[in-house]
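Visitor: mmCIF, C-alpha atoms and all ligand atoms, saved as protein.cif, coming up:
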data_model
loop_
_atom_site.label_atom_id
_atom_site.label_comp_id
_atom_site.auth_asym_id
_atom_site.auth_seq_id
_atom_site.Cartn_x
_atom_site.Cartn_y
_atom_site.Cartn_z
CA MET A 6 121.73 126.38 118.35
CA LYS A 7 121.03 123.70 115.83
CA LEU A 8 117.41 123.37 114.87
CA ARG A 9 116.28 119.81 115.34
CA ILE A 10 113.64 118.79 112.89
CA SER A 11 111.99 115.46 113.14
CA VAL A 12 109.00 113.59 111.90
CA ALA A 13 107.19 110.96 113.86
CA TRP A 14 105.32 107.78 113.14
CA ALA A 15 102.91 105.69 115.16
CA THR A 16 102.85 101.96 114.65
CA ILE A 17 99.46 100.47 113.90
CA ALA A 18 100.46 96.91 113.12
CA CYS A 19 103.59 94.96 112.56
CA SER A 20 104.44 91.31 112.44
CA TRP A 21 108.17 92.05 112.35
CA LEU A 22 110.43 95.06 112.85
CA LEU A 23 113.78 93.93 111.50
CA PRO A 24 115.16 95.30 108.21
CA ALA A 25 114.03 93.12 105.38
CA MET A 26 116.08 90.91 103.13
CA HIS A 27 113.78 91.39 100.22
CA VAL A 28 114.07 88.70 97.62
CA LEU A 29 112.88 89.78 94.22
CA ALA A 30 112.25 87.37 91.42
CA GLY A 31 115.63 86.24 90.18
CA GLU A 32 117.69 88.59 92.35
CA THR A 33 118.39 89.44 95.94
CA ASP A 34 117.93 93.01 97.09
CA ASP A 35 118.61 93.75 100.75
CA LYS A 36 117.05 97.22 100.49
CA LEU A 37 113.75 98.19 102.06
CA ARG A 38 110.69 98.91 99.97
CA ILE A 39 108.52 101.71 101.37
CA VAL A 40 105.21 103.10 100.16
CA VAL A 41 103.69 106.29 101.60
CA PHE A 42 100.04 107.09 100.91
CA GLY A 43 98.72 110.65 101.08
CA ALA A 44 95.28 111.87 100.09
CA HIS A 45 96.46 114.63 97.74
CA PRO A 46 99.49 115.33 95.52
CA ASP A 47 101.70 116.93 98.21
CA ASP A 48 100.62 115.09 101.41
CA ALA A 49 103.15 112.25 101.20
CA GLN A 50 105.87 114.75 100.29
CA TYR A 51 105.03 116.98 103.28
CA LYS A 52 104.59 114.11 105.73
CA ALA A 53 107.43 111.86 104.66
CA GLY A 54 109.58 113.75 102.15
CA GLY A 55 112.55 114.09 104.50
CA THR A 56 112.48 110.49 105.67
CA ALA A 57 111.96 109.34 102.09
CA ALA A 58 115.04 111.31 101.02
CA LYS A 59 117.08 109.64 103.77
CA TRP A 60 115.86 106.20 102.72
CA ALA A 61 116.61 106.98 99.08
CA LYS A 62 120.15 108.14 99.93
CA HIS A 63 120.72 104.68 101.43
CA GLY A 64 119.46 102.98 98.29
CA HIS A 65 116.06 101.96 99.65
CA HIS A 66 113.09 102.01 97.29
CA VAL A 67 110.43 104.61 98.13
CA LYS A 68 107.12 105.27 96.39
CA LEU A 69 104.98 108.31 97.27
CA VAL A 70 101.33 107.82 96.33
CA SER A 71 98.50 110.33 96.13
CA VAL A 72 95.19 108.51 96.38
CA THR A 73 93.28 111.39 94.73
CA ASN A 74 94.32 113.50 91.75
CA GLY A 75 94.02 116.83 93.60
CA ASP A 76 91.67 118.32 91.01
CA VAL A 77 89.92 120.78 93.37
CA GLY A 78 92.95 121.82 95.38
CA HIS A 79 93.45 125.36 94.15
CA TRP A 80 91.75 128.71 94.72
CA GLN A 81 91.49 129.57 91.02
CA SER A 82 91.65 126.45 88.84
CA ALA A 83 90.23 122.95 88.96
CA GLY A 84 89.52 119.83 86.95
CA GLY A 85 91.78 118.06 84.51
CA PRO A 86 94.24 120.94 83.98
CA LEU A 87 94.84 121.21 87.74
CA ALA A 88 95.22 117.43 88.09
CA GLN A 89 97.81 117.46 85.30
CA ARG A 90 99.62 120.39 86.88
CA ARG A 91 99.75 118.71 90.28
CA LEU A 92 100.95 115.42 88.80
CA ALA A 93 103.80 117.26 87.10
CA GLU A 94 104.62 119.06 90.36
CA VAL A 95 104.86 115.91 92.49
CA GLN A 96 106.91 114.18 89.79
CA LYS A 97 109.44 117.03 90.05
CA ALA A 98 109.34 116.95 93.87
CA ASP A 99 109.82 113.18 93.96
CA ALA A 100 112.74 113.44 91.53
CA VAL A 101 114.43 115.72 94.09
CA ILE A 102 113.63 113.30 96.91
CA GLY A 103 114.65 110.22 94.94
CA ALA A 104 111.23 108.58 95.13
CA THR A 105 108.83 107.04 92.63
CA THR A 106 105.54 108.87 92.02
CA GLN A 107 102.03 107.47 91.69
CA VAL A 108 98.81 109.52 91.54
CA LEU A 109 95.49 107.69 91.35
CA ASP A 110 92.79 109.18 89.12
CA ILE A 111 90.16 109.62 91.85
CA HIS A 112 88.51 113.03 92.22
CA ASP A 113 89.77 115.22 95.05
CA GLY A 114 87.18 115.51 97.81
CA GLU A 115 85.31 112.40 96.66
CA LEU A 116 87.37 109.52 98.09
CA VAL A 117 85.26 106.85 99.80
CA PRO A 118 86.42 103.72 101.64
CA SER A 119 84.81 101.40 99.09
CA LEU A 120 85.73 97.82 98.30
CA GLU A 121 86.93 98.99 94.87
CA ASN A 122 89.34 101.47 96.46
CA ARG A 123 90.49 98.96 99.09
CA LEU A 124 91.47 96.58 96.29
CA LYS A 125 93.41 99.40 94.59
CA ILE A 126 95.41 99.99 97.78
CA ILE A 127 96.03 96.25 98.23
CA ARG A 128 97.33 96.00 94.67
CA ILE A 129 99.71 98.96 95.10
CA ILE A 130 101.16 97.56 98.35
CA ARG A 131 101.60 94.12 96.78
CA GLU A 132 103.02 95.33 93.47
CA TRP A 133 105.55 97.49 95.34
CA LYS A 134 106.35 94.45 97.55
CA ALA A 135 106.24 96.83 100.47
CA ASP A 136 108.11 96.27 103.71
CA ILE A 137 106.79 99.51 105.25
CA VAL A 138 103.47 101.27 104.54
CA ILE A 139 102.65 104.76 105.85
CA ALA A 140 99.38 106.72 105.66
CA HIS A 141 97.24 109.31 107.43
CA ARG A 142 95.43 108.41 110.62
CA PRO A 143 91.68 107.84 110.17
CA TRP A 144 90.76 110.68 112.55
CA ASP A 145 91.66 113.62 110.31
CA TYR A 146 89.25 116.52 109.69
CA HIS A 147 89.50 116.03 105.92
CA PRO A 148 87.42 113.12 104.57
CA ASP A 149 90.02 112.21 101.93
CA HIS A 150 92.78 112.00 104.55
CA ARG A 151 90.48 110.07 106.89
CA TYR A 152 89.55 107.52 104.25
CA VAL A 153 93.14 106.98 103.16
CA GLY A 154 93.73 105.91 106.77
CA VAL A 155 90.69 103.63 106.70
CA LEU A 156 91.74 102.13 103.36
CA MET A 157 95.25 101.39 104.67
CA GLN A 158 93.80 99.75 107.77
CA ASP A 159 91.40 97.68 105.69
CA ALA A 160 94.21 96.59 103.38
CA ALA A 161 96.66 95.86 106.20
CA PHE A 162 95.72 92.24 106.78
CA MET A 163 94.33 91.49 103.32
CA VAL A 164 97.66 92.03 101.50
CA THR A 165 98.68 88.56 102.70
CA VAL A 166 95.41 86.76 101.88
CA PRO A 167 95.88 84.82 98.61
CA PHE A 168 92.31 84.79 97.33
CA VAL A 169 91.76 88.51 97.82
CA CYS A 170 92.90 90.23 94.58
CA PRO A 171 94.20 86.94 93.15
CA ASP A 172 95.49 88.82 90.07
CA VAL A 173 98.43 90.13 92.15
CA PRO A 174 100.50 87.69 94.24
CA PRO A 175 99.99 88.15 98.01
CA LEU A 176 102.86 89.33 100.20
CA LYS A 177 104.61 86.57 102.12
CA LYS A 178 105.30 88.88 105.07
CA ASN A 179 102.93 91.48 106.39
CA PRO A 180 104.56 94.93 106.11
CA VAL A 181 105.00 97.32 109.03
CA PHE A 182 102.08 99.77 108.89
CA LEU A 183 102.65 103.27 110.28
CA TYR A 184 100.56 106.39 110.72
CA SER A 185 101.90 109.81 109.72
CA SER A 186 101.94 112.39 112.49
CA ASP A 187 99.09 114.88 112.91
CA GLY A 188 97.74 117.29 115.49
CA PHE A 189 94.28 115.82 116.00
CA LYS A 190 93.37 115.20 119.64
CA LYS A 191 90.08 113.32 119.43
CA PRO A 192 89.27 110.51 119.72
CA TYR A 193 92.96 109.63 120.13
CA PRO A 194 95.86 112.12 120.12
CA PHE A 195 98.86 111.14 118.02
CA THR A 196 101.65 109.55 120.02
CA ALA A 197 104.98 108.83 118.36
CA ASP A 198 106.48 105.36 118.44
CA ILE A 199 109.27 106.32 116.03
CA ALA A 200 110.84 109.77 115.50
CA VAL A 201 113.25 110.48 112.65
CA SER A 202 115.50 113.54 112.56
CA VAL A 203 115.55 115.08 109.10
CA ASP A 204 118.03 117.88 109.84
CA ASP A 205 120.52 116.56 107.31
CA VAL A 206 118.02 116.49 104.44
CA PHE A 207 115.84 119.44 105.37
CA ASP A 208 117.17 121.74 102.64
CA LEU A 209 116.52 118.97 100.14
CA LYS A 210 112.97 118.54 101.47
CA LEU A 211 112.39 122.29 101.07
CA THR A 212 113.71 122.13 97.52
CA ALA A 213 111.21 119.34 96.81
CA ILE A 214 108.32 121.28 98.36
CA HIS A 215 109.24 124.31 96.25
CA GLU A 216 108.49 122.15 93.19
CA MET A 217 104.79 122.27 94.15
CA PRO A 218 103.92 125.99 93.80
CA SER A 219 100.21 125.34 93.22
CA GLN A 220 99.99 124.47 96.91
CA HIS A 221 101.63 127.47 98.54
ZN ZN A 301 95.73 116.55 101.72
#
Mind turning this structure into structure tokens?
Ligand SMILES: [Zn+2]
Guide:
Amino acid sequence: MKLRISVAWATIACSWLLPAMHVLAGETDDKLRIVVFGAHPDDAQYKAGGTAAKWAKHGHHVKLVSVTNGDVGHWQSAGGPLAQRRLAEVQKADAVIGATTQVLDIHDGELVPSLENRLKIIRIIREWKADIVIAHRPWDYHPDHRYVGVLMQDAAFMVTVPFVCPDVPPLKKNPVFLYSSDGFKKPYPFTADIAVSVDDVFDLKLTAIHEMPSQH
């Protein structure tokens, strides 16, 4: 029997659902531009690595972002050396997946849903010219995961508002915003609006995850 592996997404907001014809300055690119936010350097790869690999195989542009630097996420080491190690690990994993890497220099375990951090998220979504944005739900047990969800929600409308972050041009179309799947039941259990089979890229996803040995 063939093992069917899938990931699921819940839609939180969308003004359109058709594939984008994304017009870049001076050129036309009909590929989608996707950004996935995770709290730590491995979350986006675990949650969306298979789907990202499928998008990348079709020529779409995927960025996997860690909103913290992961500098307390190990049983034995911490601080700058761990942050550097984890950055190198996700860069290797994303090279396997075919995605672009970004890790923000915010301490692991200390993320807060501040205005400063909201503006950082808005800038990343705008600079990537995102058509699809994915992040944790804001009901996770881990405060960093929870606040990534809050920050995405708080950025979701503002990415189109011209005089918020006027240093980066606003998006003309609001992206589709999706939640990554999780097992939390309260206050709202996850329900999937979209499920993606990743059978055909599962070995590749495992290869990518094996590039992050600090985490398992
Ligand atoms: Zn995490």
Visitor: For each of A:Lys36, A:His141, A:Lys178, A:Arg151, take the minimum atom-to-atom distance to Ala53 (chain A), counting only C-alpha atoms, then give the residue where this is smallest.
Guide: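 Residue with the minimum atom-to-atom distance to Ala53 (chain A): A:His141.
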Visitor: For CA of Val40 (chain A) and CA of Phe162 (chain A), quote the distance in Å rounded to one decimal.
Guide: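 Distance reported for this atom pair: 15.9 Å.
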Visitor: Would you tabulate, counting only C-alpha atoms and all ligand atoms, all residues of chain A that have an atom at most 9 Å from an atom of ligand ZN 301 (chain A), showing the closest pair of atoms and their distance in Å to one decimal, sorted by chain then ascending number, as JSON lines?
Guide:
{"residue": "A:Gly43", "atom": "CA", "partner": "A:ZN301", "partner_atom": "ZN", "distance": 6.6}
{"residue": "A:Ala44", "atom": "CA", "partner": "A:ZN301", "partner_atom": "ZN", "distance": 5.0}
{"residue": "A:His45", "atom": "CA", "partner": "A:ZN301", "partner_atom": "ZN", "distance": 4.5}
{"residue": "A:Pro46", "atom": "CA", "partner": "A:ZN301", "partner_atom": "ZN", "distance": 7.4}
{"residue": "A:Asp47", "atom": "CA", "partner": "A:ZN301", "partner_atom": "ZN", "distance": 6.9}
{"residue": "A:Asp48", "atom": "CA", "partner": "A:ZN301", "partner_atom": "ZN", "distance": 5.1}
{"residue": "A:Ala49", "atom": "CA", "partner": "A:ZN301", "partner_atom": "ZN", "distance": 8.6}
{"residue": "A:Ser71", "atom": "CA", "partner": "A:ZN301", "partner_atom": "ZN", "distance": 8.8}
{"residue": "A:Gly75", "atom": "CA", "partner": "A:ZN301", "partner_atom": "ZN", "distance": 8.3}
{"residue": "A:Gly78", "atom": "CA", "partner": "A:ZN301", "partner_atom": "ZN", "distance": 8.7}
{"residue": "A:His147", "atom": "CA", "partner": "A:ZN301", "partner_atom": "ZN", "distance": 7.5}
{"residue": "A:Asp149", "atom": "CA", "partner": "A:ZN301", "partner_atom": "ZN", "distance": 7.2}
{"residue": "A:His150", "atom": "CA", "partner": "A:ZN301", "partner_atom": "ZN", "distance": 6.1}
Visitor: With all atoms of region 181-188 of chain A from the file as input, state the centre and edge lengths in Å to one decimal of the axis-aligned box that has 6 Å extra on each side, as lines of an AutoDock Vina configuration file.
Guide:
center_x = 101.4
center_y = 107.3
center_z = 112.2
size_x = 19.3
size_y = 32.0
size_z = 18.6
Visitor: Could you tell me which of A:Ala83, A:Ala161, A:Val155, A:Ala213 comes closest to Gly103 (chain A) if we count all atoms listed in the file?
Guide: A:Ala213
Visitor: Nearest to Ala15 (chain A): which of A:Ala197, A:Ala135, A:Ala57, A:Leu211 is it, counting all atoms listed in the file?
Guide: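 Residue with the minimum atom-to-atom distance to Ala15 (chain A): A:Ala197.
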Visitor: Tell me which protein, DNA and RNA residues are within 12 Å of Arg91 (chain A), counting only C-alpha atoms, leaving out same-chain ones fewer than 3 positions away, and put them as a PyMOL selection string.
Guide: chain A and resi 45-48+71+73-79+82-88+94-98+106-110+113+216-220
Visitor: Given the selection you just returned, output its residues as a file containing C-alpha atoms, formatted as a PDB file, in the frame of the given file.
Guide:
ATOM      1  CA  HIS A  45      96.460 114.630  97.740  1.00  0.00           C
ATOM      2  CA  PRO A  46      99.490 115.330  95.520  1.00  0.00           C
ATOM      3  CA  ASP A  47     101.700 116.930  98.210  1.00  0.00           C
ATOM      4  CA  ASP A  48     100.620 115.090 101.410  1.00  0.00           C
ATOM      5  CA  SER A  71      98.500 110.330  96.130  1.00  0.00           C
ATOM      6  CA  THR A  73      93.280 111.390  94.730  1.00  0.00           C
ATOM      7  CA  ASN A  74      94.320 113.500  91.750  1.00  0.00           C
ATOM      8  CA  GLY A  75      94.020 116.830  93.600  1.00  0.00           C
ATOM      9  CA  ASP A  76      91.670 118.320  91.010  1.00  0.00           C
ATOM     10  CA  VAL A  77      89.920 120.780  93.370  1.00  0.00           C
ATOM     11  CA  GLY A  78      92.950 121.820  95.380  1.00  0.00           C
ATOM     12  CA  HIS A  79      93.450 125.360  94.150  1.00  0.00           C
ATOM     13  CA  SER A  82      91.650 126.450  88.840  1.00  0.00           C
ATOM     14  CA  ALA A  83      90.230 122.950  88.960  1.00  0.00           C
ATOM     15  CA  GLY A  84      89.520 119.830  86.950  1.00  0.00           C
ATOM     16  CA  GLY A  85      91.780 118.060  84.510  1.00  0.00           C
ATOM     17  CA  PRO A  86      94.240 120.940  83.980  1.00  0.00           C
ATOM     18  CA  LEU A  87      94.840 121.210  87.740  1.00  0.00           C
ATOM     19  CA  ALA A  88      95.220 117.430  88.090  1.00  0.00           C
ATOM     20  CA  GLU A  94     104.620 119.060  90.360  1.00  0.00           C
ATOM     21  CA  VAL A  95     104.860 115.910  92.490  1.00  0.00           C
ATOM     22  CA  GLN A  96     106.910 114.180  89.790  1.00  0.00           C
ATOM     23  CA  LYS A  97     109.440 117.030  90.050  1.00  0.00           C
ATOM     24  CA  ALA A  98     109.340 116.950  93.870  1.00  0.00           C
ATOM     25  CA  THR A 106     105.540 108.870  92.020  1.00  0.00           C
ATOM     26  CA  GLN A 107     102.030 107.470  91.690  1.00  0.00           C
ATOM     27  CA  VAL A 108      98.810 109.520  91.540  1.00  0.00           C
ATOM     28  CA  LEU A 109      95.490 107.690  91.350  1.00  0.00           C
ATOM     29  CA  ASP A 110      92.790 109.180  89.120  1.00  0.00           C
ATOM     30  CA  ASP A 113      89.770 115.220  95.050  1.00  0.00           C
ATOM     31  CA  GLU A 216     108.490 122.150  93.190  1.00  0.00           C
ATOM     32  CA  MET A 217     104.790 122.270  94.150  1.00  0.00           C
ATOM     33  CA  PRO A 218     103.920 125.990  93.800  1.00  0.00           C
ATOM     34  CA  SER A 219     100.210 125.340  93.220  1.00  0.00           C
ATOM     35  CA  GLN A 220      99.990 124.470  96.910  1.00  0.00           C
TER      36      GLN A 220
END
